[in-house]
Amino acid sequence: MPLPNIWRKASSYIFGECGQDNRRVVYQDGEALFCKNNVCVHPPTLMRQHADVVHHPGYMTITCKLNNNSNNLPIPTLHLSWIPNSTLSKHPTALKNLSSRNAAATCPSSRIPTPGPGNSLNVSDSFFADPACTCGQLVVASRESQYKILNFHHGGLDRLAAILHQWHQLLYPRLNTDTEETLPYRHFMVCRPEVSRDELHPEEGQVPMITSLAWKNLLNERGQMEDDLALCKGIFFGSLELALRKIVWPFLLHCYSYQNTYEDREQIDAIRQQAYEEIQKRRLSMNPEQAECFWRNVVCIVEKDVVRTDRANPYYAGEGNPNVEIMNDALRSFATKLRTFSIILGMSDLLAPLLAELNSEIEAFWCFADLMQRSVAVCTPTDTDMDRNLCYLRELVRIMVSDFYTHLQKHADALELLFCHRWILLCLKREFPTEIALVMWEACWVNYLTDHFHLFLCLAIMCVYADDVIAQDLRTDEMLLHFSSLAMYMDGNIILRKARGLLHHFRQLVRLPCTLAGLCRQCGPGMWDSAHDPVIECVGHEDTKKSSNIILFFFFLLLNVPLFLEYLRIPFMEFYFLIFLSDLSNVSLSSKPFMYADDVILFKFFHLFDAFATCSALNKNLKFIAEWSTNNSL
């Protein structure tokens, strides 16, 4: 840069002119605006081999280039270049050749152009990952959904964000703030995840962690849990001390009851050890036909899955690690226990943390088996649980993140929530580092106030990180790529706090659609005094009236079975039937016990029960059923 320009720029900083109006800044052709060493690039998953994250540090520069347009006016363009440190060590002069053709051919680079007709615009996103907002990720994304992610692990991202924001203001010198916000596409966005105080749960930060001392105080002299609600609440808000996981996890996963004594747990351990040995014997004594089926449906899948699971964890690191073979045996035994000889890719992701923390094949096996059987937070792609979870999540988005729901409605198939499938299948294990993911698991396992806390974690991710999606108007495939690129870079502690706040807000709603009624069911120990009992409204079922009528019609037919028994003179069943009718006749229509039926049908339904209660002959009842079905066009 010429000496007069350097003096002019230095004086502007000294006298504060630059700070008064960033839009007055003029960049010079070839000026280096930002330089930073040890900016990392992480290769894709397929290239990481056995590690979760591989760091490739390099030297990053951003320079300004002035190119003349058709009117011979200079148009500024930012050029981003990144050179691996390994290349710099071999060719130190590479920094001098960044603008040359050879350097551009060998180094990853991106252009951030000025908007204009026909341009394919690129967008840069900055994701801060620390409270000081100095570290995080810079994402350079094209409109063709091609992403380049640069990781700032050693600070500097805040200075880069200020430079890019300054450049953004330079592009629109005549636009005020309101006009700028209405632009259809912003070139640079800063994603600084924050949760305001009013968004938090009222008890956030007030419940301490469950420590070893707190755990001992919760047990009586026989080893029984005195206050399981205090345990669940402490884990939900304050997490669990790492050293206690081996002790407490079997309780959370229902291997032990909170009322089991020390002796009871010893007996359960002995019984389960024997049962596990029997499962292994059954696995090893299959006939040839069973062995071939088992090999095809289980062994081949397990061997491919296990070798690439959590290899960055020291517990599984290294070649020939015996713990990898233990995990292999546990998964094969689980498939044998199911007697279906089938297993699904991804189960090793759920088993691996259990085995690493419990350090016992038998304990990990039974905790994993109970987790797969009991927890609604775990499902498979073929399960109806997956559809149910997605339906709940879709409705939660509609009610609680309405802006994002409106965006989803604009794009084909976006409401399928494809970007959420992996979140639900693996309970967010691949979205966050292992330690914070396990804290989330524990918060889900305690079933505090809800069985579906994993859905509120998913909802929290959308609340915190969906503004960028809306601002860029990303399509369905772009949303999938966007949220996938956030994996391992999101702030898990903020997501946890936001999810607890969303759950509190959900429980304050006085009216809910019938599609979310299942989230209000009582769950977990000690919840009898904290019920969520909103008014359930039947919505969105205009097209289901006929199917509802058919369901009620066959239900009426089923109710005639006791009258057949009355005809056969079985008084006990007659008595049971009358009690059943009496209970149903006291149900209020406003409570919507059948959420897919309309008021008119329910009104006729309960009047028909009165008719049933006074009928003494079966043929008379059949006449009522015939008249009712005719009136309802069945």
# chains A, B, ... in the order shown; residues from 1 in each chain; ligands from 1
call {"tool": "select_by_dssp", "arguments": {"residues": "range 368-510 of chain A", "states": "helix (DSSP H, G or I)", "output": "PyMOL selection string"}}
result
chain A and resi 368-374+384-400+402-409+414-416+418-425+434-445+453-472+476-485+492-508
call {"tool": "atom_distance", "arguments": {"atom1": "CA of Phe236 in chain A", "atom2": "CA of Ala352 in chain A"}}
result
22.3 Å
call {"tool": "residues_around", "arguments": {"residues": "range 319-326 of chain A", "least_positions_apart": "6", "cutoff": "8 Å", "atoms": "only C-alpha atoms", "output": "list in words"}}
result
Val306, Val307 and Glu361 of chain A
call {"tool": "residues_around", "arguments": {"residues": "Pro76 in chain A", "least_positions_apart": "4", "cutoff": "7 Å", "atoms": "only C-alpha atoms", "output": "PDB file with C-alpha atoms, in the first residue's frame"}}
result
ATOM      1  CA  CYS A  64      -9.489  -7.031  -1.507  1.00  0.00           C
ATOM      2  CA  LYS A  65      -9.492  -7.005  -5.309  1.00  0.00           C
ATOM      3  CA  LEU A  66     -10.960  -4.250  -7.441  1.00  0.00           C
ATOM      4  CA  ASN A  67     -12.413  -5.343 -10.786  1.00  0.00           C
ATOM      5  CA  THR A 114     -20.474  -7.671  -4.752  1.00  0.00           C
TER       6      THR A 114
END
call {"tool": "residues_around", "arguments": {"residues": "Leu418 in chain A", "least_positions_apart": "4", "cutoff": "9 Å", "atoms": "only C-alpha atoms", "output": "list of chain:residue names"}}
result
A:Asp413, A:Ala414, A:Arg422, A:Thr476, A:Asp477, A:Met479, A:Leu480
call {"tool": "closest_residue", "arguments": {"among": "A:Val54, A:Leu355, A:Ile268, A:Leu415", "to": "Met327 in chain A", "atoms": "only C-alpha atoms"}}
result
A:Leu355
call {"tool": "residues_around", "arguments": {"residues": "Ser484 in chain A", "least_positions_apart": "3", "cutoff": "12 Å", "atoms": "only C-alpha atoms", "output": "VMD selection string"}}
result
chain A and resid 44 to 45 145 147 149 418 to 423 428 430 to 432 461 465 477 to 481 487 to 490
call {"tool": "write_last_selection", "arguments": {"atoms": "N, CA and C atoms", "output": "tab-separated table (two decimals), in the first residue's frame"}}
result
chain	number	residue	atom	x	y	z
A	44	PRO	N	-13.97	-34.34	5.63
A	44	PRO	CA	-15.27	-35.01	5.78
A	44	PRO	C	-15.16	-36.30	6.56
A	45	THR	N	-16.32	-36.81	6.99
A	45	THR	CA	-16.37	-38.00	7.83
A	45	THR	C	-15.69	-39.19	7.16
A	145	SER	N	-25.13	-24.63	-2.58
A	145	SER	CA	-25.02	-25.46	-1.38
A	145	SER	C	-23.67	-26.15	-1.29
A	147	TYR	N	-20.30	-25.93	0.77
A	147	TYR	CA	-19.86	-25.33	2.01
A	147	TYR	C	-18.36	-25.55	2.22
A	149	ILE	N	-15.84	-24.89	5.57
A	149	ILE	CA	-15.86	-24.54	6.98
A	149	ILE	C	-14.44	-24.36	7.48
A	418	LEU	N	-36.40	-33.79	7.42
A	418	LEU	CA	-35.34	-34.77	7.15
A	418	LEU	C	-34.09	-34.50	7.95
A	419	PHE	N	-33.81	-33.24	8.24
A	419	PHE	CA	-32.60	-32.92	8.98
A	419	PHE	C	-32.68	-33.35	10.44
A	420	CYS	N	-33.88	-33.72	10.90
A	420	CYS	CA	-34.06	-34.16	12.30
A	420	CYS	C	-33.94	-35.67	12.48
A	421	HIS	N	-33.95	-36.42	11.40
A	421	HIS	CA	-34.00	-37.88	11.54
A	421	HIS	C	-32.81	-38.40	12.34
A	422	ARG	N	-31.60	-37.95	12.02
A	422	ARG	CA	-30.43	-38.45	12.74
A	422	ARG	C	-30.45	-37.97	14.18
A	423	TRP	N	-30.96	-36.76	14.42
A	423	TRP	CA	-31.06	-36.28	15.79
A	423	TRP	C	-31.87	-37.25	16.65
A	428	LEU	N	-29.08	-37.27	19.30
A	428	LEU	CA	-28.16	-36.14	19.17
A	428	LEU	C	-26.71	-36.50	19.44
A	430	ARG	N	-24.37	-37.58	17.45
A	430	ARG	CA	-23.44	-37.12	16.43
A	430	ARG	C	-23.52	-35.63	16.17
A	431	GLU	N	-24.31	-34.93	16.95
A	431	GLU	CA	-24.43	-33.49	16.78
A	431	GLU	C	-23.59	-32.72	17.79
A	432	PHE	N	-23.19	-33.37	18.89
A	432	PHE	CA	-22.44	-32.70	19.94
A	432	PHE	C	-21.27	-33.58	20.38
A	461	ILE	N	-32.56	-26.57	19.09
A	461	ILE	CA	-31.61	-26.36	18.00
A	461	ILE	C	-32.25	-25.48	16.92
A	465	TYR	N	-30.71	-21.88	15.91
A	465	TYR	CA	-29.94	-21.85	14.68
A	465	TYR	C	-30.78	-21.73	13.41
A	477	ASP	N	-33.21	-29.35	0.60
A	477	ASP	CA	-31.89	-29.98	0.57
A	477	ASP	C	-30.84	-29.08	1.19
A	478	GLU	N	-30.99	-27.77	1.05
A	478	GLU	CA	-30.03	-26.85	1.65
A	478	GLU	C	-30.16	-26.84	3.18
A	479	MET	N	-31.37	-26.99	3.68
A	479	MET	CA	-31.55	-27.08	5.12
A	479	MET	C	-30.87	-28.32	5.68
A	480	LEU	N	-31.00	-29.43	4.96
A	480	LEU	CA	-30.35	-30.66	5.40
A	480	LEU	C	-28.84	-30.48	5.47
A	481	LEU	N	-28.28	-29.84	4.46
A	481	LEU	CA	-26.85	-29.61	4.43
A	481	LEU	C	-26.43	-28.60	5.50
A	487	ALA	N	-23.04	-29.94	12.91
A	487	ALA	CA	-22.71	-31.04	13.81
A	487	ALA	C	-21.34	-30.83	14.44
A	488	MET	N	-21.27	-30.99	15.75
A	488	MET	CA	-20.08	-30.84	16.57
A	488	MET	C	-19.65	-29.38	16.78
A	489	TYR	N	-20.41	-28.43	16.20
A	489	TYR	CA	-20.05	-27.03	16.35
A	489	TYR	C	-21.08	-26.24	17.15
A	490	MET	N	-22.16	-26.86	17.54
A	490	MET	CA	-23.19	-26.15	18.30
A	490	MET	C	-22.84	-26.10	19.78
call {"tool": "residues_around", "arguments": {"residues": "Ser86 in chain A", "least_positions_apart": "4", "cutoff": "12 Å", "atoms": "only C-alpha atoms", "output": "ChimeraX atom specification"}}
result
/A:38,55-59,82,90-92,94,107
call {"tool": "atom_distance", "arguments": {"atom1": "CA of Cys232 in chain A", "atom2": "CA of Glu203 in chain A"}}
result
13.8 Å
